[in-house]
2 protein chains.
Amino acid sequence: MPDRKNRRPASTIDVVLLTAVGSQLAVLLCRAPEGRDKWVVPWDSQRPAETMEAAATRVAKAASVGEPAWLEQVGAFGDGKRHPSDADISVAYAGLVPMGTPSPVGGVYAWFTLSDVPQLAPRQRLLLDSALATIRLRMDQSPVAFRLLPQMFTLTELQQTYEMLLGKRLHKASFRRALQAAWLVEPTDEWRSEGRGRPAQLYRYAPRKRRPAQRGIRLDLLSS
Amino acid sequence: MPDRKNRRPASTIDVVLLTAVGSQLAVLLCRAPEGRDKWVVPWDSQRPAETMEAAATRVAKAASVGEPAWLEQVGAFGDGKRHPSDADISVAYAGLVPMGTPSPVGGVYAWFTLSDVPQLAPRQRLLLDSALATIRLRMDQSPVAFRLLPQMFTLTELQQTYEMLLGKRLHKASFRRALQAAWLVEPTDEWRSEGRGRPAQLYRYAPRKRRPAQRGIRLDLLSS
DNA sequence: TGACATTAGTCACAGGAAGTGACTAATTCG
DNA sequence: CGAATTAGTCACTTCCTGTGACTAATGTCA
C-alpha cells in the first residue's frame, strides 16, 4: 500500500501486478485513501539502502499476494504527466502472479480485468499500458506464460494462456509441435479429469538445454 | 557534456550513443573533467519542465553529433552502484547515429569500439550493457539497422550492418529474399562503384504497408 | 447398457519459408 | 584480352508451419 508521506518524493516505484482471471488478464489495483471509487497502481518510494527491485518486491508483498513469480522493470516515466505522489519520476515494474492466487482481503486491493480498469492518473495509465506491452514482448524470449499457471498444468491450459497473451487463437497441433521442439515442459504421472471428456495429462515447466542455433532471418519488422 | 553541479542531483539522464566504425559497434564517451584518462557516458540532470526524452536529445546534441537517428529509453538504474553524479537513479537512453558522422571535436568526446571501452563507473558499465542488449532486442521489431546507415546504401552494406548487430554471418541469397518479403527498401536509380567489381545499386529505406499476419508460433525462448 | 457428446492427443499431408551452392553480370587491374 | 573481384539471381533441398482428420478416453442420457 502506498505510504503517503507528507513530503513529496523524488521518485516512486510503481508495480503493475498481472494475473489471469478466467480467460482475461487482470491487474491489481489499490483503493486510494481519498475517494471511495478512486484506484491507483500500488506504489511506494524507495527506502535508503534498498534496491529498486527490492522495493518493487516489497510493494508486491504488501499487496499480500506473496512474492510475484516474475518481476521486471518496465522503465522510468515522468514527463509532466500526473501521478498520485506528485513525484518527478516513477519507475515501473511489471509482475506476474499465478492464476488462482486469492484476491487480497480487506477490500483495499482488487483485481480488475483489463477492460474494466477504472480511470487512473495519467502517468499510471501510461505505466500500465507499457507494462502490458513489455509482457507481450517478453513472451517470445522468456517463459512468461508459465508464471501465470500453477506448477502443474494441462497443455490445453497452457495453450489458453498463450492465446490470452497473444490475443489470438492457436491451432492445437501446431502449438504442441512447437512446444515439443522447444523442450520447455515435461510430463508428470498425474492426470486430471475435468468433468466430461478424456482426462488430460499434467505437465510441469522444465526447460532443457537448448540448441543455441536460432535459425531464420526474420525481418518481420512490424508497424511503427 | 555533463554539467557538474555542486548539489547532488536526485536523478540523471545518461545517453549511450552508438554508431558503426568499420565493422564494429562503437560508443561515444566523454572525457571526465578530473583525470586525463577517465571517461564517462554523457549525462546530465533533467531540467525543470523538460521531458526525459528532451533531456536525452539535448545531451546527444551537446555531443555535437546532431540529433540521433533513433532514441529509446533503456530503463532506470541505481541499486547502489556508483555513478559519476552520485545520483540515486540514472535513466538510460540508447541512441543510434549514422556511420560516418564526424567524430566530435575538441578531444572531449571520442568513439570507442566495444572491445576498447575503458573502465567506467559500475552503474554506467551496466547502463551500457543494457543499452546494447536493448538494441539487439529491438533489431527484430524495429528498423534499427537503417539508423546506422546513410539515407542511401547498398544491400551489401545493409547485410554487413545486420551481421554486425547479430554477431553472425548471413547468406547473401537468404538475406535478400527476406528483405524482399519484408518490403523494407526500394531501389534508387543510382549506382556506386566501389573500386573493383561490379557496381552496386543503391537502395533507400522505404517501408511499405505490411500484411499484419505474423505467422509462426516461435517458442524459441532462449537461455535466461 | 449402449449411442452420443465432449475433450485430449496424434498423424499425415500440402504449402511455404530458409539453407545453400552454383550460376550470370559488370567492373578494375595487369 | 583474361583474371580477379564484387553484385545479383536462380534452383534445389530441407525444414517448418497450417490444417483437417483421425483415434482415445471419459461423462451423459435415453
# chains A, B, ... in the order shown; residues from 1 in each chain; ligands from 1
>>> residues_around(residues="stretch 90-96 of chain B", least_positions_apart="2", cutoff="8 Å", atoms="only C-alpha atoms (C1' of nucleotides)", output="PyMOL selection string")
(chain A and resi 76) or (chain B and resi 11-19+56+68-78+87-88+98+127+131-132+135+147-148)
>>> write_last_selection(atoms="C-alpha atoms", output="PDB file, in the first residue's frame")
ATOM      1  CA  ALA A  76      11.004   5.256 -15.998  1.00  0.00           C
TER       2      ALA A  76
ATOM      3  CA  SER B  11      18.425  11.577 -10.903  1.00  0.00           C
ATOM      4  CA  THR B  12      20.358  11.820 -14.152  1.00  0.00           C
ATOM      5  CA  ILE B  13      19.755  11.160 -17.819  1.00  0.00           C
ATOM      6  CA  ASP B  14      22.534   9.063 -19.378  1.00  0.00           C
ATOM      7  CA  VAL B  15      22.762   8.661 -23.135  1.00  0.00           C
ATOM      8  CA  VAL B  16      24.516   5.724 -24.785  1.00  0.00           C
ATOM      9  CA  LEU B  17      25.168   6.813 -28.379  1.00  0.00           C
ATOM     10  CA  LEU B  18      26.145   4.062 -30.782  1.00  0.00           C
ATOM     11  CA  THR B  19      27.437   4.077 -34.313  1.00  0.00           C
ATOM     12  CA  ALA B  56      18.336  12.894 -23.636  1.00  0.00           C
ATOM     13  CA  PRO B  68      20.338  10.941 -33.099  1.00  0.00           C
ATOM     14  CA  ALA B  69      18.502   8.977 -35.774  1.00  0.00           C
ATOM     15  CA  TRP B  70      16.863   6.869 -33.103  1.00  0.00           C
ATOM     16  CA  LEU B  71      16.419   7.226 -29.368  1.00  0.00           C
ATOM     17  CA  GLU B  72      14.771   4.961 -26.865  1.00  0.00           C
ATOM     18  CA  GLN B  73      14.696   4.627 -23.129  1.00  0.00           C
ATOM     19  CA  VAL B  74      16.506   1.609 -21.766  1.00  0.00           C
ATOM     20  CA  GLY B  75      15.439   1.814 -18.140  1.00  0.00           C
ATOM     21  CA  ALA B  76      16.280   3.178 -14.737  1.00  0.00           C
ATOM     22  CA  PHE B  77      19.409   2.145 -12.904  1.00  0.00           C
ATOM     23  CA  GLY B  78      20.566   2.656  -9.371  1.00  0.00           C
ATOM     24  CA  ALA B  87      22.638  10.444  -8.043  1.00  0.00           C
ATOM     25  CA  ASP B  88      20.270   7.818  -6.693  1.00  0.00           C
ATOM     26  CA  PRO B  98      24.550   7.049 -38.815  1.00  0.00           C
ATOM     27  CA  LEU B 127      23.858   1.054 -18.440  1.00  0.00           C
ATOM     28  CA  ALA B 131      21.636  -0.412 -23.932  1.00  0.00           C
ATOM     29  CA  LEU B 132      23.402  -2.895 -26.191  1.00  0.00           C
ATOM     30  CA  ILE B 135      19.381  -2.516 -29.354  1.00  0.00           C
ATOM     31  CA  ARG B 147      19.562   4.137 -38.445  1.00  0.00           C
ATOM     32  CA  LEU B 148      23.222   3.215 -38.624  1.00  0.00           C
TER      33      LEU B 148
END
>>> interface_residues(of="chain D", to="chain B", cutoff="12 Å", atoms="only C-alpha atoms (C1' of nucleotides)", output="list in words")
DA4, DT5, DT6, DA7, DG8, DT9, DC10, DA11, DC16, DT17 and DG18 of chain D
>>> select_by_dssp(residues="stretch 30-224 of chain A", states="strand (DSSP E)", output="VMD selection string")
chain A and resid 30 to 31 39 to 40 43 to 44 70 to 77 89 to 96 109 to 113 152 to 154 185 to 192 200 to 205
>>> write_last_selection(atoms="N, CA and C atoms", output="CSV table (one decimal), in the first residue's frame")
chain,number,residue,atom,x,y,z
A,30,CYS,N,-5.1,-0.7,-6.1
A,30,CYS,CA,-5.3,-0.4,-4.7
A,30,CYS,C,-6.2,0.8,-4.5
A,31,ARG,N,-7.1,0.7,-3.5
A,31,ARG,CA,-8.1,1.8,-3.3
A,31,ARG,C,-7.3,3.0,-2.8
A,39,TRP,N,-8.9,4.5,-7.7
A,39,TRP,CA,-7.9,3.4,-7.6
A,39,TRP,C,-6.6,3.8,-8.1
A,40,VAL,N,-5.5,3.2,-7.6
A,40,VAL,CA,-4.2,3.5,-8.1
A,40,VAL,C,-3.4,2.2,-8.2
A,43,TRP,N,2.1,1.6,-5.3
A,43,TRP,CA,3.4,2.3,-5.4
A,43,TRP,C,3.9,2.6,-4.0
A,44,ASP,N,5.2,2.9,-3.9
A,44,ASP,CA,5.8,3.5,-2.7
A,44,ASP,C,7.1,4.1,-3.1
A,70,TRP,N,7.4,-13.5,-11.2
A,70,TRP,CA,8.2,-12.9,-12.2
A,70,TRP,C,8.1,-11.4,-12.0
A,71,LEU,N,9.2,-10.7,-12.1
A,71,LEU,CA,9.3,-9.3,-11.9
A,71,LEU,C,10.3,-8.6,-12.8
A,72,GLU,N,9.9,-7.6,-13.5
A,72,GLU,CA,10.9,-7.0,-14.4
A,72,GLU,C,10.6,-5.5,-14.5
A,73,GLN,N,11.7,-4.7,-14.6
A,73,GLN,CA,11.5,-3.3,-14.8
A,73,GLN,C,11.0,-3.0,-16.1
A,74,VAL,N,10.0,-2.0,-16.2
A,74,VAL,CA,9.5,-1.6,-17.5
A,74,VAL,C,10.2,-0.4,-18.0
A,75,GLY,N,10.4,0.6,-17.1
A,75,GLY,CA,11.1,1.8,-17.5
A,75,GLY,C,10.7,2.9,-16.5
A,76,ALA,N,11.2,4.1,-16.8
A,76,ALA,CA,11.0,5.3,-16.0
A,76,ALA,C,10.0,6.2,-16.7
A,77,PHE,N,9.1,6.7,-15.9
A,77,PHE,CA,8.1,7.6,-16.5
A,77,PHE,C,8.0,8.9,-15.8
A,89,ILE,N,9.6,11.4,-11.1
A,89,ILE,CA,9.8,10.2,-11.9
A,89,ILE,C,9.2,9.0,-11.2
A,90,SER,N,8.6,8.1,-12.0
A,90,SER,CA,8.1,6.8,-11.4
A,90,SER,C,8.8,5.7,-12.2
A,91,VAL,N,9.4,4.8,-11.5
A,91,VAL,CA,10.0,3.6,-12.1
A,91,VAL,C,9.0,2.5,-12.0
A,92,ALA,N,8.6,2.0,-13.2
A,92,ALA,CA,7.5,0.9,-13.2
A,92,ALA,C,8.1,-0.5,-13.3
A,93,TYR,N,7.5,-1.4,-12.6
A,93,TYR,CA,7.8,-2.8,-12.6
A,93,TYR,C,6.6,-3.5,-13.0
A,94,ALA,N,6.8,-4.6,-13.8
A,94,ALA,CA,5.7,-5.5,-14.2
A,94,ALA,C,5.9,-6.8,-13.5
A,95,GLY,N,4.9,-7.3,-12.8
A,95,GLY,CA,5.0,-8.6,-12.1
A,95,GLY,C,3.9,-9.5,-12.5
A,96,LEU,N,4.2,-10.8,-12.4
A,96,LEU,CA,3.2,-11.9,-12.8
A,96,LEU,C,2.9,-12.7,-11.5
A,109,TYR,N,-7.4,-3.9,-1.9
A,109,TYR,CA,-6.9,-4.3,-3.2
A,109,TYR,C,-7.9,-5.1,-4.0
A,110,ALA,N,-7.9,-5.0,-5.3
A,110,ALA,CA,-8.8,-5.8,-6.1
A,110,ALA,C,-8.3,-6.0,-7.5
A,111,TRP,N,-8.6,-7.1,-8.1
A,111,TRP,CA,-8.2,-7.4,-9.4
A,111,TRP,C,-9.2,-6.8,-10.4
A,112,PHE,N,-8.7,-6.2,-11.4
A,112,PHE,CA,-9.6,-5.6,-12.5
A,112,PHE,C,-9.2,-6.3,-13.8
A,113,THR,N,-10.1,-6.8,-14.5
A,113,THR,CA,-9.8,-7.3,-15.9
A,113,THR,C,-9.5,-6.1,-16.7
A,152,MET,N,1.8,-27.3,-11.9
A,152,MET,CA,1.3,-28.4,-12.9
A,152,MET,C,0.1,-27.9,-13.6
A,153,PHE,N,0.1,-28.2,-14.9
A,153,PHE,CA,-1.0,-27.7,-15.7
A,153,PHE,C,-1.2,-28.6,-16.9
A,154,THR,N,-2.3,-28.5,-17.5
A,154,THR,CA,-2.5,-29.3,-18.8
A,154,THR,C,-2.1,-28.5,-20.0
A,185,VAL,N,8.6,-28.2,-21.5
A,185,VAL,CA,7.8,-28.9,-20.5
A,185,VAL,C,8.1,-30.4,-20.4
A,186,GLU,N,7.8,-31.0,-19.3
A,186,GLU,CA,7.9,-32.5,-19.2
A,186,GLU,C,6.7,-33.0,-18.6
A,187,PRO,N,6.2,-34.2,-19.0
A,187,PRO,CA,5.0,-34.8,-18.5
A,187,PRO,C,5.2,-35.3,-17.1
A,188,THR,N,4.2,-35.3,-16.3
A,188,THR,CA,4.2,-35.9,-15.0
A,188,THR,C,3.4,-37.2,-15.1
A,189,ASP,N,3.3,-37.9,-13.9
A,189,ASP,CA,2.5,-39.1,-14.0
A,189,ASP,C,1.0,-38.9,-13.7
A,190,GLU,N,0.7,-37.6,-13.4
A,190,GLU,CA,-0.7,-37.3,-13.0
A,190,GLU,C,-1.6,-36.9,-14.1
A,191,TRP,N,-2.8,-37.2,-13.9
A,191,TRP,CA,-3.8,-36.8,-14.9
A,191,TRP,C,-5.0,-36.1,-14.2
A,192,ARG,N,-5.6,-35.3,-14.9
A,192,ARG,CA,-6.7,-34.5,-14.3
A,192,ARG,C,-8.0,-34.7,-15.2
A,200,ALA,N,-6.8,-35.1,-19.0
A,200,ALA,CA,-5.6,-34.5,-19.6
A,200,ALA,C,-4.4,-34.8,-18.7
A,201,GLN,N,-3.3,-35.1,-19.4
A,201,GLN,CA,-2.1,-35.3,-18.6
A,201,GLN,C,-1.5,-34.0,-18.1
A,202,LEU,N,-1.0,-34.0,-16.9
A,202,LEU,CA,-0.4,-32.8,-16.3
A,202,LEU,C,1.0,-32.7,-16.7
A,203,TYR,N,1.5,-31.5,-16.9
A,203,TYR,CA,2.9,-31.2,-17.3
A,203,TYR,C,3.5,-30.2,-16.3
A,204,ARG,N,4.8,-30.2,-16.3
A,204,ARG,CA,5.4,-29.2,-15.4
A,204,ARG,C,6.5,-28.4,-16.3
A,205,TYR,N,6.7,-27.2,-15.9
A,205,TYR,CA,7.7,-26.4,-16.6
A,205,TYR,C,9.1,-26.9,-16.3
>>> residues_around(residues="A:Ala145", least_positions_apart="5", cutoff="10 Å", atoms="only C-alpha atoms (C1' of nucleotides)", output="compact mmCIF listing (two decimals) with C-alpha atoms, in the first residue's frame")
# COMPACT_ATOMS: atom_id res chain seq x y z
CA LEU A 96 3.16 -11.86 -12.75
CA PRO A 98 -0.12 -17.37 -10.79
CA ILE A 135 4.90 -8.57 -21.09
CA ARG A 136 3.73 -9.25 -24.61
CA ARG A 138 8.89 -10.80 -23.42
CA MET A 139 6.54 -13.62 -24.43
CA ASP A 140 8.86 -14.81 -27.15
CA LEU A 158 -1.00 -23.62 -21.32
CA GLN A 159 -2.34 -23.05 -24.81
CA GLN A 160 -5.20 -20.92 -23.47
CA THR A 161 -2.69 -18.83 -21.54
CA TYR A 162 -0.69 -18.22 -24.68
CA GLU A 163 -3.86 -17.35 -26.55
CA MET A 164 -4.78 -14.85 -23.86
CA LEU A 165 -1.38 -13.17 -24.02
>>> interface_residues(of="chain C", to="chain A", cutoff="9 Å", atoms="only C-alpha atoms (C1' of nucleotides)", output="JSON, numbers by chain")
{"C": [5, 6, 7, 8, 9, 10, 17, 18]}
>>> closest_residue(among="A:Glu53, A:Glu34, A:Asp79, A:Glu157", to="chain B", atoms="only C-alpha atoms")
A:Asp79
>>> select_by_dssp(residues="stretch 47-161 of chain B", states="helix (DSSP H, G or I)", output="ChimeraX atom specification")
/B:52-62,105-107,114-116,122-138,145-148,155-161
>>> residues_around(residues="B:Arg123", least_positions_apart="4", cutoff="6 Å", atoms="only C-alpha atoms (C1' of nucleotides)", output="list in words")
Lys81, Arg82 and His83 of chain B
>>> atom_distance(atom1="atom CA of A:Pro33", atom2="atom CA of A:Lys61")
19.2 Å
